[in-house]
Amino acid sequence: MQNVQLGFIDYAILAIYVAFVIGIGFALRRYMKSSSDFLTSGRSIPTWVTGLAFISANLGALELVGMAASGAKYGIATSHFYWVGAIPAMIFLAVFMMPFYYGSKARSVPEYLKMRFDERVRCLNSISFAVMTLLASGISMNALAKLLNALLGWDYHISLWICSGVVLVYVLKGGLTSAIYTEVLQFFMIVLGFAPVVYLGLKEIGGWGEMTQALQNVAVNPSALHLKDAGVSYSTNAWSSAWQPLLAGPANNPMGVDWFAMVFGLGFVLSFGYWCTNFLVVQRAMAARNMTAARNTPLVAAVPKMLFPALVIVPGMIAVALMSIPNKNYRIPPPALEGSAITVAASAVSQSNPGTTDLQPIIDKVSAAQNGVDATGKPRKLLKIDQGRLAEVLRTYGGKPVDKTGSPAEQEQHLQFATAFNNTITDYDYDGVILSLVKRYCPPGLLGLALTALLASFMSGMAGNVTAFNTVWTYDLYQAYLAPNKSDDHYFWMGRAVTVVGILLSIGTAYFARLYNNAMDVIQLVFGFVNAPLFATFLLGMFWARTTGTGAFLGLLGGTFTSGLFHALTIAKGNAPGIKGGYLSVVREFPSEMAQNFWLATFAFLGCFLLTAGISLATQRTKSDAELKGLVYSLTPKLKDEGTPWYQRPAVLGVVLLLCCVILNIIFW
Amino acid sequence: MGLDIRWPIGLMFSLVGALLVVYGVATGSSDLYKRSLDINVNLYWGLLLLVFGAFMLVMAWRGSKREQGASDTKTPAR
């Protein structure tokens, strides 16, 4: 892969951005006087700021990169993550749940759980949240550093440490306020940095209509572009309609998902579970200056969130459309080959005649170097290499000394060969979509802006994770169990110290993720198990006064167990039993991993819901109605909105936003 | 909290915008812009960033004036 050379102008833009985020940290330093200033912003921030920070904290690099990847893999149906998932959940949070979070004066989501239930539930939730947040941050850092390395040639360690260092400085100086303020800056950076790429992409294809046309051709025969296995065919709108392919059943859409799993599993269970209970985002709303502002925070956030598919999903669709038009000379980048595999390929090609027709030995050798060999000496997994393209590479480079890297000329030839050989691979590294488009369209200047936007997303995600982690650690673990009744200065100090520790631990996780890809898969799987049932606990806790602490605690554990069991008994098509499921036995095979995940969430939710409700009925309530006032819907006086103008009332805004969301779904039906 | 975030946002985008405009004008006739479909994106997008930055600065300036007025009349600042 040829690296991009950054010019002076690009570094200048990057430097300006870094100077400003660090400057914000320093400017806020003098306002940090107590632990609550540092960890909860002293509840003083305007709505539009908390609103934009609310989505920006979630808009980590993985979101940006991953949504473009999904846009390429599944087309416009990816927007379900927004228009079925996020938006309704954010509206629900604003209208129904925020009054309890904000009104209870809890400083964190786990603390709310303690008020509503008991210490056990808080402990379970805060430990799992703290661990998950750090690991999630590390995984995303690793992914981005790898991407920057593969596509831009930046050093892995330098990008990792410098980005983390910048985040450390501004979070340490200005705490949550600093994280929230920079998230707003980063939000604008991300939008303004990527918008021109989307525009240029659409312009090159010839507009939305031409893109749809190209995607329709792809949908009928996706194997022509090696997007799917040979013989797979969809109806023409598989990439360009959101609902029709979904309603036609799992065999008719590239996601392999049925509509029920989508609406209930993703829309209801997973999205509500994430947006309504994850402290990372809820923390932003809790920093608002009053109840109305707190409730309006997710609503303000919903407006840009609703439009985000244009920025993050459309690039993926552009990439597939471009790839299907032959004279555009574009492909989604292949997965990068290991250095050792390139070396093997170079020596094999050097020793072959240009006209060799038996290409299998070369493919075997390179696959063995890339993926390792099994007990019989065969490569564990064969690389998907296009024989025609490989023959062409041989005609150009066969018998030539491309394995030598001594003189500059030899190095140059080796590099060219490596790029050409890598291009024979018909697999795609979908995570590279967005950067490959940036490289394609951005001249120096705009390139710096787009890369700064990418780094901004990386930093906003990381700062979000770290600020949520340090609050939960300081208030819900350290103050609650390890060192209660200390002075506020002590907790203030702890908040800062744990910020450093949190960042170091995420860096550690990033290196761990780099070394042990499989271990990371397992960890992420376990997160899924823990997260899936969570919403049932909150739903019952907030809306049913009869729910008891024991019920919630055991229900949550039971729900996690349900997801583990479900995963042990099911598998997705194409996966061998093992890490990806089915390790006990295979009761049910799903058409795709996504379908398996959505159904897992559905079952975990139901398991947790039924267990919590059942055990609650069988156990004594430990909290009286008076204690639950402000924590449970039926025992809390209804909020009066009469004093606020209609355009600031959460219920009115929520309905308007929901209507907009429905309209968007209909437009892209 | 003391700092109005619109100041740094406004300043930063004005600065980056100005930089892009200058660079765009200076490189206007080179074949740098082949890849961006022969559009001088640095110039045009720089102008847009400049307008956005200026807008933020104006809003911040208006905000600070209102705050001043509010504190003059001893009403709590919004």
# chains A, B, ... in the order shown; residues from 1 in each chain; ligands from 1
$ residues_around --residues "Ala77 in chain A" --least-positions-apart "3" --cutoff "7 Å" --atoms "only C-alpha atoms" --output "list in words"
Tyr74, His80, Ser241 and Ala242 of chain A
$ closest_atom_pairs --of "chain B" --to "chain A" --cutoff "9 Å" --atoms "only C-alpha atoms" --output "tab-separated table"
residue	atom	partner	partner_atom	distance
B:Met1	CA	A:Ser44	CA	6.0
B:Gly2	CA	A:Tyr31	CA	7.3
B:Leu3	CA	A:Leu28	CA	7.0
B:Ile5	CA	A:Tyr181	CA	6.3
B:Arg6	CA	A:Leu185	CA	8.9
B:Pro8	CA	A:Phe20	CA	6.9
B:Ile9	CA	A:Leu185	CA	5.9
B:Met12	CA	A:Phe20	CA	7.0
B:Phe13	CA	A:Met189	CA	8.6
B:Leu15	CA	A:Ile16	CA	8.2
B:Val16	CA	A:Ile13	CA	6.3
B:Leu19	CA	A:Ile9	CA	8.0
B:Leu20	CA	A:Gly445	CA	6.2
B:Tyr23	CA	A:Gly445	CA	7.4
B:Gly24	CA	A:Gly445	CA	8.1
B:Leu32	CA	A:Pro443	CA	6.1
B:Tyr33	CA	A:Pro443	CA	6.3
B:Lys34	CA	A:Pro443	CA	8.5
B:Arg35	CA	A:Tyr441	CA	5.1
B:Ser36	CA	A:Tyr441	CA	4.9
B:Leu37	CA	A:Glu204	CA	7.2
B:Val41	CA	A:Leu446	CA	7.2
B:Asn42	CA	A:Leu446	CA	6.0
B:Trp45	CA	A:Pro196	CA	7.7
B:Gly46	CA	A:Leu446	CA	8.8
B:Leu49	CA	A:Leu192	CA	7.8
$ residues_around --residues "Met317 in chain A" --least-positions-apart "5" --cutoff "6 Å" --atoms "only C-alpha atoms" --output "CSV table (one decimal) with C-alpha atoms, in the first residue's frame"
chain,number,residue,atom,x,y,z
A,71,GLY,CA,-22.2,0.9,4.7
A,72,ALA,CA,-20.1,-0.9,2.2
A,75,GLY,CA,-25.7,-0.6,2.2
$ residues_around --residues "Ala18 in chain B" --least-positions-apart "3" --cutoff "8 Å" --atoms "only C-alpha atoms" --output "list in words"
Ser14, Leu15, Val21, Val22, Gly46, Leu47 and Leu50 of chain B
$ select_by_dssp --residues "range 401-613 of chain A" --states "alpha helix (DSSP H)" --output "PyMOL selection string"
chain A and resi 408-422+433-441+446-471+488-515+517-531+534-543+549-569+593-613
$ atom_distance --atom1 "CA of Thr405 in chain A" --atom2 "CA of Arg380 in chain A"
28.9 Å
$ residues_around --residues "Lys146 in chain A" --least-positions-apart "4" --cutoff "7 Å" --atoms "only C-alpha atoms" --output "MDAnalysis selection string"
chainID A and resid 142 150 156
$ closest_residue --among "A:Val498, A:Leu631, A:Leu311, A:Leu437" --to "Val472 in chain A" --atoms "only C-alpha atoms"
A:Val498
$ select_by_dssp --residues "range 266-492 of chain A" --states "strand (DSSP E or B)" --output "MDAnalysis selection string"
chainID A and resid 288 373 379 385 425
$ closest_residue --among "A:Ser350, A:Asn296, A:Thr537, A:Ser634" --to "Thr560 in chain A" --atoms "only C-alpha atoms"
A:Thr537
$ closest_residue --among "A:Ile318, A:Ala545, A:Phe529, A:Arg295" --to "Gly206 in chain A" --atoms "only C-alpha atoms"
A:Ile318
